[in-house]
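Comments concern the structure below.
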Amino acid sequence: MDVIAFEHHLTSPQGHRRLPSDGHAATVDGGACCDQVTLSLAVDGDRVTDAGFDAHGCGAATAAGSAAVTLVRGAPVIDAARIGAAQIAAELGGLSPGKLHAAEVASEALARALGAAVRDRARLSPPHGPGGTDGGRTLVAMSGGVDSSVAALLCSRAGEAVAVTLELWSDAENDAESSCCSASAVAQARSLAHSMGLAHFTIDLRDEFRAGVVEPFMASFAGGETPNPCVGCNGHIRLDAMLDLGTRLGAEYLATGHYARVAESGDPAGPLLRVAADPAKDQTYMLAALSPRSLARMRFPLGDLTKPEVRKLAAAAGLPVAGKADSQDLCFLAGTTRARFLARHGGLGDAPGAVLDGTGNVVGRHDGQHRFTVGQRRGLGIAAGEPLYVLDKEASRNEVIVGPRSALRATRVHVRNARLHRVGARVNRVKLRYRSRPLECRLAGDLAPGRHGTLEIELAGAVDGAAPGQLACLMDGDLVVGWGTIARPTKRDNRGARSKPIATAS
């Protein structure tokens with residue numbers, strides 16, 4: 001450790017308590033060590049024009065804040081995004097293990113402040129021309145997993161790659177280690193990006209995520225449906241924010257670690273999603289709500305690879321995440337259950353109600369309609385002569401309607417809020433759940449591209465239950481040509497029976 005460098009920043013801290021009036025500030029607490037660092041940055045165009053800090057706790061926090069300001073003030077935005085705890089520690093002449101935490105706290109504050117400033121004020125030119133790379137600049141979404149890391153690796157080999165990680169959710173009950181969107185996951189992704197030599201930006205989207213994804217998720221369950229929040233997150237919140245950041249950073253494309261491909265790029269109406277080469281990993285269903293305009297700027301480096309091939313590339317490059325397990329849960333459910341989450345954040349706890357058969361007879365009790373989905377068999381707790389399935393739910397009366405599997409079967413499915421990117425005549429298959437196989441179908445009517453309030457899907461064969469709230473992914477072979485949300489079943493009449501077969505979603 002260079003004591004002179006450390007003492008200089010401790011006794012003559014740069015920018016101490018002089019926060020820029022036009023800056024974007026971020027404060028990070030060090031937890032048990034009681035250190036706290038506030039960094040504020042002013043960005044104009046492609047450069048950090050000013051920086052200042054404040055610190056509380058031990059002297060190492062003050063020295064680390066001063067080092068961060070020294071490194072970032074006047075630096076190009078891209079260079080500032082390469083500064084992490086290692087660079088701050090180096091500016092201080094190296095830190096002992098006991099003081100390294102101060103550099104980590106200052107680094108986190110720097111990353112958060114830089115992300116906010118860049119979203120508001122940055123405007124970088126694409127790196128073409130003298131000094132630019134032939135491949136241009138690509139913004140890569142990094143979650144800290146093997147897929148996004150290999151996507152970043154491949155993009156960096158083709159041109160200039162810049163990484164971004166979104167913080168979407170924070171909750172005391174959330175398992176930060178298994179979530180891909182927590183503050184801990186963001187810090188891990190940043191460290192990995194820096195180890196790969198990439199500039200990294202941290203974007204805080206917690207408010208937008210709660211309003212645009214979590215609140216609708218809870219409202220959908222309260223209304224008797226079974227939502228798929230990842231579709232809306234990808235289609236309207238997460239990727240839109242990163243595409244906007246890419247524009248500010250002069251990045252022509254946004255790359256992700258999704259298993260998907262793009263087709264018909266030359267069509268005037270815009271490109272379409274195409275199923276990935278590895279059908280077991282295909283994620284086009286989760287990306288179906290992307291507009292062609294957004295898709296035109298998307299790149300999927302893993303689309304032609306299998307998962308074993310991706311892990312092999314990661315291992316060959318020495319990436320520490322080569323063997324990291326895939327995330328299985330919704331990011332905001334990591335470490336908890338859906339029932340606990342809905343009770344904690346949506347007020348949807350135990351709500352005893354009746355379980356009815358198709359004629360309105362009470363055959364059992366339940367603890368809340370929001371705990372069931374159409375097509376569900378397990379967890380009903382009802383003894384019957386044949387297996388019973390959830391056929392429908394009546395949220396206004398907190399009722400769950402059950403019946404035999406045969407009552408689920410439908411050959412028509414209605415969807416609402418539909419979008420067609422091509423003429424409806426091209427639709428010949430539909431996926432009604434993420435992990436389900438596509439079903440042969442056609443759309444009723446002669447439909448033009450564009451928005452449609454409702455669509456009727458005519459299936460070639462019967463399907464056992466289409467859950468209201470789920471996405472219907474409309475396909476032409478292996479191309480995604482549209483989507484819509486599966487609508488609720490028909491209402492019950494005044495006697496408690498149904499005016500139409502219960503299995504017809506309408």
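Identifiers in this document derive from the order of the structure tokens: chains are assigned A, B, ..., residues are numbered from 1 separately in each chain, and ligands are numbered from 1 in order of occurrence.
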
Each residue of region 125-168 of chain A with at least one atom at most 10 Å from region 193-207 of chain A should appear once, together with its nearest atom pair and the corresponding distance in Å (one decimal); atoms considered: only C-alpha atoms; ordering: chain, then increasing residue number; output as a Markdown table.
```
| residue | atom | partner | partner_atom | distance |
| --- | --- | --- | --- | --- |
| A:Leu139 | CA | A:His200 | CA | 9.5 |
| A:Val140 | CA | A:His200 | CA | 9.3 |
| A:Ala141 | CA | A:Phe201 | CA | 9.7 |
| A:Met142 | CA | A:Ala193 | CA | 8.0 |
| A:Gly144 | CA | A:Ala193 | CA | 8.5 |
| A:Ser149 | CA | A:Ala193 | CA | 8.0 |
| A:Ala152 | CA | A:Ala193 | CA | 8.4 |
| A:Leu153 | CA | A:Met196 | CA | 7.9 |
| A:Ser156 | CA | A:Leu198 | CA | 8.2 |
| A:Glu160 | CA | A:Leu198 | CA | 8.7 |
| A:Ala161 | CA | A:Leu198 | CA | 6.7 |
| A:Val162 | CA | A:Ala199 | CA | 5.2 |
| A:Ala163 | CA | A:His200 | CA | 4.6 |
| A:Val164 | CA | A:Phe201 | CA | 4.6 |
| A:Thr165 | CA | A:Thr202 | CA | 5.3 |
| A:Leu166 | CA | A:Ile203 | CA | 4.9 |
| A:Glu167 | CA | A:Asp204 | CA | 4.9 |
| A:Leu168 | CA | A:Arg206 | CA | 4.4 |
```

Leaving out region 464-476 of chain A and any residue of its chain fewer than 3 positions from it, which residues lie within 6 Å of it when counting only C-alpha atoms, given as a compact mmCIF listing (two decimals) with N, CA and C atoms, in the first residue's frame?
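What ended up in result-v3.txt:
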```
# COMPACT_ATOMS: atom_id res chain seq x y z
N GLU A 225 -56.85 -13.63 -13.25
CA GLU A 225 -56.07 -14.11 -14.38
C GLU A 225 -54.70 -14.63 -13.92
N THR A 226 -53.95 -15.18 -14.88
CA THR A 226 -52.60 -15.69 -14.61
C THR A 226 -51.64 -14.98 -15.55
N PRO A 227 -50.99 -13.93 -15.10
CA PRO A 227 -50.17 -13.10 -16.00
C PRO A 227 -48.81 -13.72 -16.30
N ASN A 228 -48.17 -13.19 -17.32
CA ASN A 228 -46.79 -13.54 -17.64
C ASN A 228 -45.98 -12.24 -17.66
N VAL A 374 -56.17 -21.54 -14.46
CA VAL A 374 -56.96 -22.43 -15.32
C VAL A 374 -56.09 -23.58 -15.81
N GLY A 375 -56.61 -24.79 -15.69
CA GLY A 375 -55.87 -25.98 -16.08
C GLY A 375 -55.17 -26.67 -14.94
N LEU A 408 -62.22 -28.83 -20.07
CA LEU A 408 -61.22 -27.82 -20.41
C LEU A 408 -61.03 -27.68 -21.91
N ARG A 409 -61.37 -28.73 -22.64
CA ARG A 409 -60.99 -28.79 -24.04
C ARG A 409 -61.71 -27.73 -24.86
N ARG A 426 -51.18 -15.37 -42.54
CA ARG A 426 -49.90 -16.05 -42.35
C ARG A 426 -49.86 -16.86 -41.05
N VAL A 427 -50.75 -16.59 -40.14
CA VAL A 427 -50.73 -17.30 -38.85
C VAL A 427 -51.19 -18.74 -39.05
N ASN A 428 -50.31 -19.68 -38.75
CA ASN A 428 -50.68 -21.10 -38.85
C ASN A 428 -50.35 -21.90 -37.59
N ARG A 429 -49.74 -21.23 -36.59
CA ARG A 429 -49.44 -21.89 -35.33
C ARG A 429 -49.57 -20.89 -34.19
N VAL A 430 -49.79 -21.39 -32.98
CA VAL A 430 -49.88 -20.53 -31.81
C VAL A 430 -49.30 -21.25 -30.61
N LYS A 431 -48.56 -20.50 -29.79
CA LYS A 431 -48.09 -21.00 -28.50
C LYS A 431 -48.91 -20.32 -27.42
N LEU A 432 -49.51 -21.10 -26.52
CA LEU A 432 -50.39 -20.56 -25.49
C LEU A 432 -49.72 -20.51 -24.12
N LEU A 479 -41.60 -18.35 -37.29
CA LEU A 479 -41.56 -16.90 -37.17
C LEU A 479 -42.70 -16.39 -36.29
N VAL A 480 -42.41 -15.38 -35.47
CA VAL A 480 -43.44 -14.75 -34.64
C VAL A 480 -44.03 -13.57 -35.42
N VAL A 481 -45.31 -13.68 -35.77
CA VAL A 481 -45.94 -12.64 -36.59
C VAL A 481 -46.96 -11.82 -35.82
N GLY A 482 -47.13 -12.10 -34.53
CA GLY A 482 -48.06 -11.31 -33.73
C GLY A 482 -48.24 -11.92 -32.36
N TRP A 483 -49.10 -11.28 -31.57
CA TRP A 483 -49.35 -11.74 -30.22
C TRP A 483 -50.62 -11.10 -29.68
N GLY A 484 -51.12 -11.66 -28.61
CA GLY A 484 -52.27 -11.10 -27.91
C GLY A 484 -52.36 -11.75 -26.54
N THR A 485 -53.25 -11.25 -25.70
CA THR A 485 -53.44 -11.78 -24.36
C THR A 485 -54.69 -12.64 -24.33
N ILE A 486 -54.57 -13.86 -23.84
CA ILE A 486 -55.72 -14.76 -23.78
C ILE A 486 -56.80 -14.15 -22.89
N ALA A 487 -58.00 -14.11 -23.42
CA ALA A 487 -59.11 -13.45 -22.72
C ALA A 487 -59.77 -14.40 -21.72
N ARG A 488 -60.59 -13.86 -20.85
CA ARG A 488 -61.26 -14.63 -19.80
C ARG A 488 -62.35 -15.52 -20.38
```

Task: Among the residues A:Leu295, A:Ala64, A:Leu192, A:Leu333, the one that comes closest to Gly270 (chain A) [using only C-alpha atoms] - done: A:Leu295

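Neighbours of Thr454 (chain A) closer than or equal to 8 Å, with only C-alpha atoms counted and sequence neighbours fewer than 3 positions away skipped, come out as His414, Val415, Arg416, Asn417 and Ala418 of chain A.
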
Task: Point-to-point distance in Å for CA of Val186 (chain A) and CA of Ser125 (chain A) - done: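 CA of Val186 (chain A) lies 26.2 Å from CA of Ser125 (chain A).
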